[in-house]
Structures are given as structure tokens and as C-alpha cells.
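These notes concern the structure reproduced below.
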There are 4 protein chains.
Amino acid sequence: MRERIRKRLFDILELNTPGDRLSAAFDYFIITLIILNVVAVALQTVRSIEDVHALLFRRFECFSILVFTAEYLLRLWVCTSAPRYRGAVFGRIRYALSFLGVVDLFAIAPFYIPVILPMDLRFLRVLRLMRVFRMFKLSRYVRSLNVFTAVLKAKTEELVITLFLVLILLMLSSSLMYIIENPVQPAAFSSIPNAMWWAVETLTTVGYGDIYPVTVLGKLLGAVISILGIGLFAIPAGILASGFTEEIRKKRAPVRQCPHCGREIDP
Amino acid sequence: MRERIRKRLFDILELNTPGDRLSAAFDYFIITLIILNVVAVALQTVRSIEDVHALLFRRFECFSILVFTAEYLLRLWVCTSAPRYRGAVFGRIRYALSFLGVVDLFAIAPFYIPVILPMDLRFLRVLRLMRVFRMFKLSRYVRSLNVFTAVLKAKTEELVITLFLVLILLMLSSSLMYIIENPVQPAAFSSIPNAMWWAVETLTTVGYGDIYPVTVLGKLLGAVISILGIGLFAIPAGILASGFTEEIRKKRAPVRQCPHCGREIDP
Amino acid sequence: MRERIRKRLFDILELNTPGDRLSAAFDYFIITLIILNVVAVALQTVRSIEDVHALLFRRFECFSILVFTAEYLLRLWVCTSAPRYRGAVFGRIRYALSFLGVVDLFAIAPFYIPVILPMDLRFLRVLRLMRVFRMFKLSRYVRSLNVFTAVLKAKTEELVITLFLVLILLMLSSSLMYIIENPVQPAAFSSIPNAMWWAVETLTTVGYGDIYPVTVLGKLLGAVISILGIGLFAIPAGILASGFTEEIRKKRAPVRQCPHCGREIDP
Amino acid sequence: MRERIRKRLFDILELNTPGDRLSAAFDYFIITLIILNVVAVALQTVRSIEDVHALLFRRFECFSILVFTAEYLLRLWVCTSAPRYRGAVFGRIRYALSFLGVVDLFAIAPFYIPVILPMDLRFLRVLRLMRVFRMFKLSRYVRSLNVFTAVLKAKTEELVITLFLVLILLMLSSSLMYIIENPVQPAAFSSIPNAMWWAVETLTTVGYGDIYPVTVLGKLLGAVISILGIGLFAIPAGILASGFTEEIRKKRAPVRQCPHCGREIDP
């Protein structure tokens, strides 16, 4: 009997069998709760909202902790039904140390830690904000995330080369800019790390305007750097985009056949 | 007789038969009027222009309303000639509720509403600006817009994955930045939603310069975020661009042959 | 004899026969002179440089005008050797009205106009700056420019659709932003055209920081607009890039054959 | 004996035989030292860090110079084992003049120059910063850098055309903006070179906000320029990205078969 309950709970919590209404309802409930949690964390930092709805936020937090704790314990209980986590003790430990297990624990830990360990207010505040990491619980439901991982793996070489080039360009341009601008703007370009802040802002074309060259030579270098930067920084973007397109095409049609003669053709 | 007039009007208003000069002239007249309307709405908000040409704007508005009202009523009258909207009453109701029917009604409604309902000045002003939505009447004439819809449909999966990643990066970076910068800049980074404004500005590389990190840790995080952001935000762009190219290529050459047997295969 | 001189001059000025050293030398001389002219126009606007080297600039200008005038007259004289411009009078008129003929005239006209027509100082200054258009004389030597024209032609449809979408997004976002921000920032968002300046700055991610939303609703709209903008504005870029690659591949290998069996294969 | 030591040292320093642990260890040691050197140069410019750790930085510099000098001399001694640098004198001179030889000398020279030549403080400071170029020593270990060179070579034509277009757009827009904005903002748009700084900032979408148009005409031109700029500046990025993908694909799968006869064809 107990075994059958565990099996059924496992189906609801972990599997995604088409047609299993309870399983789908549970998933949507958890997903909604996660999103509401992240929104709540963000809204709670707005003074005017927190002042009015403090009680509501606290109640919602208690409710969420209850649900997430129950969910975590249940998952820990039923996980042994999965072949990977067989074994009453070691299977459960292995599940608790898996990525999703750690994320689930991490989602509830910030609530229990201050109960166990007394701590000062500042750290408490940071701990409360860490509830934002609950959104990683969503990764369980986004099955397509492994497309992203596959793209990163397939394009590692390209990305490493461009990253290396970007870092060299970053270091070179900030050193040169420091030499050129430091005598004129000792406050803004006070050190190479500060000049690197300028270089990143420029190469990524963010350009807040809090730091920029004012000398003729500095502007000339800045112009060359920003033109080079566009070329260089946009390479990884293009690579990732084409990688994405390839990966999804591959997933949809791993081998393509002529519908008439049945032989394979290149995609 | 009346039936023949309606048939002819239907040709002029709705069909685009090559060689039908009157139909083409009518289309160009309406397109010009729509564009002039949008320009007029924009120019009317410029105080110095409105002060001098107020009467001209009012007359042009009256003329446009006359034309658009007549156009709307005529379309409503003749629409029954189309197979989709057959039926004197229900066909016309169905047409009135179609996208283009609603847009046409929406284009003239802001003029008639204040005649029927008395309302305060502020709302009147917003209503007057809503005339800008008349530009959606143009969608009737831009047949290639369905290419855009097709691209969005074909690339939904890629776009959803990247949007999810973008949202996670957005939420993560703004929470972290809030923790780091709030103690030093309590005004600028006053809450997580405010920090999200910074995160969007940075990830999209807009960088107005109204909010940016000043601490060492904040700048470090900002640098990492903006570099990641370029990669991540540029992915949808690349995907859409390649989707466009594919879609238009497909439209131009719907037939492809298997290199082995020579018979057609889907592109 | 005169005919032979004209023929030889035609070879030097207009043709690009490999091995013709005089022709190549003449080309390089003119290209260098054009670039120096453009640089001179730019440098002359720098007060400190103009004050010191005024005489040098004037002499260089006289020398350039001499060369360019001689070049123009010679081209006009020899152009009849080209089959397209045969005919002593009408051929020359046709050449004078061709793109390159107009550019050449335009390059020297700003010098002669004030000699014929007396004019005020302000217009004279603008006329002097128009010497910068001499750089269009370079288009004669950049044979690959027609790749760019071919790309534009091949991708017209994609570019027109995206431009239409961009304009609609521009108009919509500036109208909405005007409604939202005008009551709070009546100076910055004083009219829809002003709000369009904000919209362009945001959609192109330039973000000077002279105008930006400050209300919560405005920031929300601004965030959505800038994220949409990246996607939309980057599409033409991707389209042009892929168009370029295709065009140059086509130019290099218009038909590809298997080197073994000689049959065509798709590129 | 001495010959065998040189041979073994050559293996360790120059070759990358799989399984040669000493060689790998030496490589990792040098790579770590180079990165630490670059980090040290950057950190040393931060006043607060330099003040506290001045001695540490000096000792680290002495240690690095010792290692890099020994490495340089050893490489010079053993290089004759490579077929390219055979010959006790001329082989070594050729090695010293090769790219990597020059970089290695350049890495240690800033330390020895002030010992030989007495120089003023300012130049000494610049010389100290030049240690940042030591990072080029890394190029020995980044074998994939030749992918980048190959891409640049394969795409030269596209890049040159777009660069030419970019320069023309840059010059045109800055001249026009100078004519339009100079009368209103004589300080910001004081000369065409200054207006070019604006043009670069705008075309690359950096937009620091230190210089921007304020007149209606100027904003109109600025809007057109920034929209054009996105299209034009993003082209090289797309070209480089596709070049990268092609180059790496080529490297991975150098053999392709004709779909008809099955024999190899160049990719």
C-alpha cells in the first residue's frame, strides 16, 4: 500500500506522462508559485509596497515555504522509484546532491538558517533576497534548456577563441587608454582596472557616459576600439545564433530522407 | 442594379485585380490619407505648429473622418460579396469583428465617442492621440506582413528558450546588483524593479547613464553582465534574421529536388 | 595624331588595362589626391590647425582644383572613345550627365560658383565644406561597390518589410511614451517628434542619456521597447550580412561542378 | 652530452608532445606567470593596492624577469634544433627576428632599457606599463589563433567593402552634422574631427552622451544615421561570425563528397 502511494506520488512529482491530469496540475501549481515568489521578492524591495502589504508578503512566504518544504521532502521520499536513485539511503543522498536536489534545498534553506543560527540584520537581509534563486527551480520544467547546453558544447572552440581575443583587446585598450587619459583625467582613469570599466562599456557599446576619453589621442583610440569592438563582440553572438539554429534543426530532423527514394540527403 | 453597384464597389475596395485602375487609385488615396493622418497626429503635439495651423489640422481631421467613416460603412455594406462574410446580418457582424473591421472602427471611434459621452479634457487628449492607431489600417495593404508572422511561428521554440534565459539573467543580475549597490546608492538602486531598469539598459546596451554601478564589485558584475548580455540578447536577433531569410527563400522557391532521384521534396 | 593622343589619354584615364603603368600611376595619384582633399576639409575646420596652416590649405586647394579641372575637361574630351558616349556633342552631354560626370563637376563647382555669383559669407562656408563630397570621386575606383548594390537589390523585400515594422514600432512607442511621460517631463517629452528622438535612440541602443523615461510605466514601456528593438533592428543587419556572403560567393563561383563527374552541385 | 641536453630542452620548450609531462608542466607554469604578470601590471596602477604591496610587486617583477630572461636565452640556445632555424648564428638571428622571438625580447626589454639608458620619470612609467604587452607571449600557446587569421583572409573582400562604406558614411555624416550643429553648439561640434567623434559614438551605438545634436534637423539626421549605422556596422559582425563558423567546419570536416559520384570535393 505505502509502496503504491510512493509510486503514484513519483508519477505526479517527477514524471510527465501525457494525460496524467493531476501531474500536470501539480506542475502548473508549482510553476505559478515559483514565479509569484520571484515577483514577491522583487516587489518587497519597493519601500512603498512593502510598507502597505508587509503582512501579505509574510503570509505568502510562509505558505510558499510550507509547499516547497513538503515538495522537497516528498521528492526525497519518492526519488528511489527512479532507477538512478535506487537505494533507501545512498539513493536519497545522491538525489539530494544532484543539481535539482541542491536547488530545491537552496530554495527553502534561507528560511530555516536564521532559526538555527542567530545572525545580524544585514546578513538576514541578503538571505531574504536569496529567495530569488528559487527561480532555478523552474529549470526542472524547461526541458529545452539542454538545447542551450548543447549549443555551448558544440561551439566551445569558437567561443573560447573569441573570448581570448576579447580579453586581449580589453587589456590592451585599457592599458593604452590609461597611459593616454590618466594625466588629463586622473579621477576617471585613475587605474587600469578603472580603464577596463571604460573598455567594457565601450566594447559592449553600453556607454553610460560616466567615463569617456577627452583628449584627441584618447578619442582616436576610443573610436578605433569601439569599431573593432563591434566586430569582435558580435562574433560570439553570431556564433551562438547559428549554433541555436543548427541544434534545433538537428533535434527536429536528425537524419533527412528523400520522401521518394528513401535515401539520406544532407540537411 | 443595386447588386451590381455593390459588386463593383467590392472590387474597388477589397480586391486588388491587376489593371483595375479605380481600385488602385482608391488604395493609393487611402494609404496616403493614413500616412498623412499619422504625420498630423505627431505634428499636432508640437506646440509651435499646432498654434499656427490649428484650423488646418481640424479641417484635415474632419475630412479624414468623413472619408474613413464612408469607407467603413461601404466596406460593411459590400463585405457580403466575399464568401467568408456571406449573410446580410451575421456576415456583416462577423466582418465587423474581424481584425481589419475592428481596426477600421477603432480609427473613427475616437471622433464619435466624445459626441455621445461627455468626458473630461485629459481623457479627450489621450483619445485624440489614439488617432495614431489609424496606422494599423495600413496592415490591409502590406501583404508581406504574413512573412513576419510565419517567421515568428517557425522560430517560436528558439525565441521562447532565449526569452526565458534573458528573463532569468535579468532577474539574477538585478537582484545581485541591488544587493551590491543599494547600500552605496540607495536612491538609484532603491529596489529590485529599479535595478531591473538598470539591467535592461545594460543587457540591451542602451546605457542612458541615469543609473550605473559605482562600487568595484558592482562594476565587475556590470562588466560580466554586459558581456553576457551581448551574447544572449543578440541570439534572438540572429534567429529572426535567419528565419526571415529562410522564409523568403521558401516563398520564392517552394520546390526542391532530391539530388538522387530528382523528385520534389519539401524545402 | 590628335586622335591617337585622345585614344591614349582614354586608356590612361578610363581603362584599367593590367600592365599599363601610366594608367595605374594616374589612378593612384588621383586616389591619393581625393583622400588628401577629404582630410584637408576635415582638418581645416579645426581652428588651431587652420590658423597656422591657412596658406598651405589654400595652396593645396588651388593645386587640387587645377588637377580636378584638368581631369574633368580631359575626361569630357576623351569620353567619346567609349562606345556608350559616341558623338562629339551628344555623347559628351550624356557623359556629363552620367553619375560619375556629375560627381566630377560637383567636385570642382564649389570653387567656381563664388567667382561667378557673389554670395554671402555663410553660404560660402557651407560651399567650402561641400568639398567633402569629392570623396564620391572614389566610387570610380571601388569596383566592388556594385556588390553592395546587388545585395540591396536581392534583399529589397526583406528590408522593406522590416523597415515598415521598424517605423510602426517607432511611431507606436513614441506616441505611448508621449502620453505617459509628457505630464511628468513636459520639457523632454514635449511632443511626439521629440518622443521619436527618444524612440530612435532607444531602438538603436545609442542611448545618449539626454532623454529617458522616469515614471514606472515609462520605464516598463522603455524596457519592452528596447528588448523588442534589439530583435527588430538587428534583423536588417543579419539580412544584409547574409546577403553579402551570398553575393560574394555567387560572384566567385556562379556554377559549381563536381571536379570528378562534372555535374553541377548546389553550392 | 651538451647536444642531448639541448635536444631535451627543445622538446620541453618548443614541442608539445603528448605525454611529455615536464613539457606540459613548463607550459602551464609560463602561462600562469604571464597571466599573473598582466594582472600585476593592472593592479599596480591602483594607488591603494600599490601603496600596501609595493615590495611584493617588485619581488614578483624581479622573479618574472629572471624566468622570462632565462626562458628567452634558452629558447635562443635550443632553437637551432628546429629545421627552420638551423645554423648556429644565422638560425638564431632568424629566430630572434621571428614574431615570437620579438615578443619574448619585448617582454623583458622594458626592464633592462633603463639600466642601460638613463631616462626621465614619465617615460619610465610608460615603460613599466608596457609590461602589459607580455600577454602577447600567450599567442605561442593559443594554436587556434590561426583560425582567426584564416577568417580574416577569407573575408578580406567583404570587410574592405564595408569598411569603405563605413568610412564614407562616417565622413559624410560628420560633415553634415558639423554644418547643422556648429552654429548652435560651437563648443561640442567645434570641428569636423570632433563631429566624427560624435559619428563614431552614434554609428557604433556607444552613445556616451557627451556630444549629441539638439536642433530639429540635427536630430533628424542623427536618427537616420543611427538607423543606417546599425545596418552598416553590423554587416562586418555577421560576416566575421559566418566566416568563423565556416572556417571551423572546414577544419573539422575537410573531406566532402559529391552526391552523384561519391568522390571527394573541396569544401
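Residue numbering restarts at 1 in every chain; chains get A, B, ... in the order shown in the C-alpha cells, and ligands count up from 1 in that same order.
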
(request) Please provide the set of residues having any atom within 9 Å of Leu221 (chain B), restricted to only C-alpha atoms, with same-chain residues fewer than 5 positions apart removed, written as a ChimeraX atom specification. (result) /B:173,176-177,213,216,226

Could those residues be written to a file, using all heavy atoms, as a short mmCIF file (atom, residue, chain, number, x, y, z; two decimals), in the first residue's frame?
data_model
loop_
_atom_site.label_atom_id
_atom_site.label_comp_id
_atom_site.auth_asym_id
_atom_site.auth_seq_id
_atom_site.Cartn_x
_atom_site.Cartn_y
_atom_site.Cartn_z
N SER B 173 20.70 39.28 -12.34
CA SER B 173 21.64 40.39 -12.30
C SER B 173 21.06 41.56 -11.52
O SER B 173 21.79 42.25 -10.80
CB SER B 173 22.01 40.81 -13.72
OG SER B 173 20.86 41.14 -14.45
N LEU B 176 21.33 40.71 -7.73
CA LEU B 176 22.70 40.82 -7.26
C LEU B 176 23.12 42.28 -7.21
O LEU B 176 23.75 42.74 -6.25
CB LEU B 176 23.64 40.03 -8.19
CG LEU B 176 23.59 38.51 -8.03
CD1 LEU B 176 24.43 37.84 -9.09
CD2 LEU B 176 24.08 38.10 -6.65
N MET B 177 22.79 43.05 -8.26
CA MET B 177 23.18 44.44 -8.30
C MET B 177 22.52 45.22 -7.17
O MET B 177 23.12 46.12 -6.59
CB MET B 177 22.79 45.04 -9.66
CG MET B 177 23.66 46.17 -10.11
SD MET B 177 25.41 45.84 -9.82
CE MET B 177 26.10 46.33 -11.36
N PRO B 213 26.52 51.20 -11.88
CA PRO B 213 27.22 50.85 -10.65
C PRO B 213 28.42 51.75 -10.41
O PRO B 213 29.06 52.21 -11.36
CB PRO B 213 27.66 49.40 -10.90
CG PRO B 213 27.72 49.26 -12.37
CD PRO B 213 26.66 50.16 -12.91
N VAL B 216 33.39 48.77 -6.85
CA VAL B 216 34.26 47.88 -7.61
C VAL B 216 33.51 46.59 -7.97
O VAL B 216 33.51 46.16 -9.12
CB VAL B 216 35.54 47.56 -6.81
CG1 VAL B 216 36.35 46.48 -7.52
CG2 VAL B 216 36.37 48.80 -6.64
N SER B 226 27.17 42.75 -18.96
CA SER B 226 27.02 43.36 -20.28
C SER B 226 27.65 42.49 -21.36
O SER B 226 27.17 42.43 -22.49
CB SER B 226 27.59 44.78 -20.30
OG SER B 226 28.88 44.82 -19.78
#

(request) Write down, as a list of chain:residue names, each residue of chain B that has any atom within 7 Å of an atom of chain A, counting only C-alpha atoms. (result) B:Ile161, B:Ile179, B:Ser191, B:Ile192, B:Pro193, B:Thr202, B:Thr205, B:Val206, B:Gly207, B:Tyr208, B:Gly209, B:Lys219, B:Ala223, B:Ser226, B:Ile227, B:Ile230, B:Gly231, B:Ala234, B:Ile235, B:Gly238, B:Ile239, B:Cys258, B:Cys261, B:Ile265

(message) Residues within 8 Å of Tyr72 (chain C), please, as a list in words. Count only C-alpha atoms; anything in the same chain fewer than 6 positions from it doesn't count.
(response)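 These residues fall inside the cut-off: Gly101, Asp104 and Leu105 of chain C.
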
Please save all heavy atoms of the selected residues as a CSV table (one decimal), in the first residue's frame.
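Here's the written file again.csv:
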chain,number,residue,atom,x,y,z
C,101,GLY,N,30.1,61.7,-64.2
C,101,GLY,CA,30.3,63.0,-64.7
C,101,GLY,C,29.8,64.1,-63.8
C,101,GLY,O,30.5,65.1,-63.6
C,104,ASP,N,32.1,64.5,-60.8
C,104,ASP,CA,33.4,65.2,-61.1
C,104,ASP,C,33.1,66.7,-61.2
C,104,ASP,O,33.9,67.5,-60.8
C,104,ASP,CB,33.9,64.7,-62.5
C,104,ASP,CG,34.7,63.4,-62.3
C,104,ASP,OD1,34.9,63.0,-61.1
C,104,ASP,OD2,35.1,62.8,-63.3
C,105,LEU,N,32.0,67.1,-61.8
C,105,LEU,CA,31.6,68.5,-61.9
C,105,LEU,C,31.4,69.1,-60.5
C,105,LEU,O,31.9,70.2,-60.2
C,105,LEU,CB,30.4,68.7,-62.8
C,105,LEU,CG,29.9,70.1,-63.0
C,105,LEU,CD1,31.0,70.9,-63.7
C,105,LEU,CD2,28.7,70.2,-63.8

(message) Residues within 12 Å of Phe63 (chain A), please, as a ChimeraX atom specification. Count only C-alpha atoms; anything in the same chain fewer than 3 positions from it doesn't count.
(response) /A:33-34,36-37,56-60,66-70,108,111

(request) May I ask for the distance between CA of Thr80 (chain B) and CA of Arg92 (chain B), given in Å to one decimal place? (result)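 Computing it gives 6.7 Å between the two atoms.
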
(request) One decimal, Å: what's the distance from CA of Glu61 (chain D) over to CA of Thr162 (chain A), could you say? (result)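 According to the coordinates, CA of Glu61 (chain D) and CA of Thr162 (chain A) are separated by 29.2 Å.
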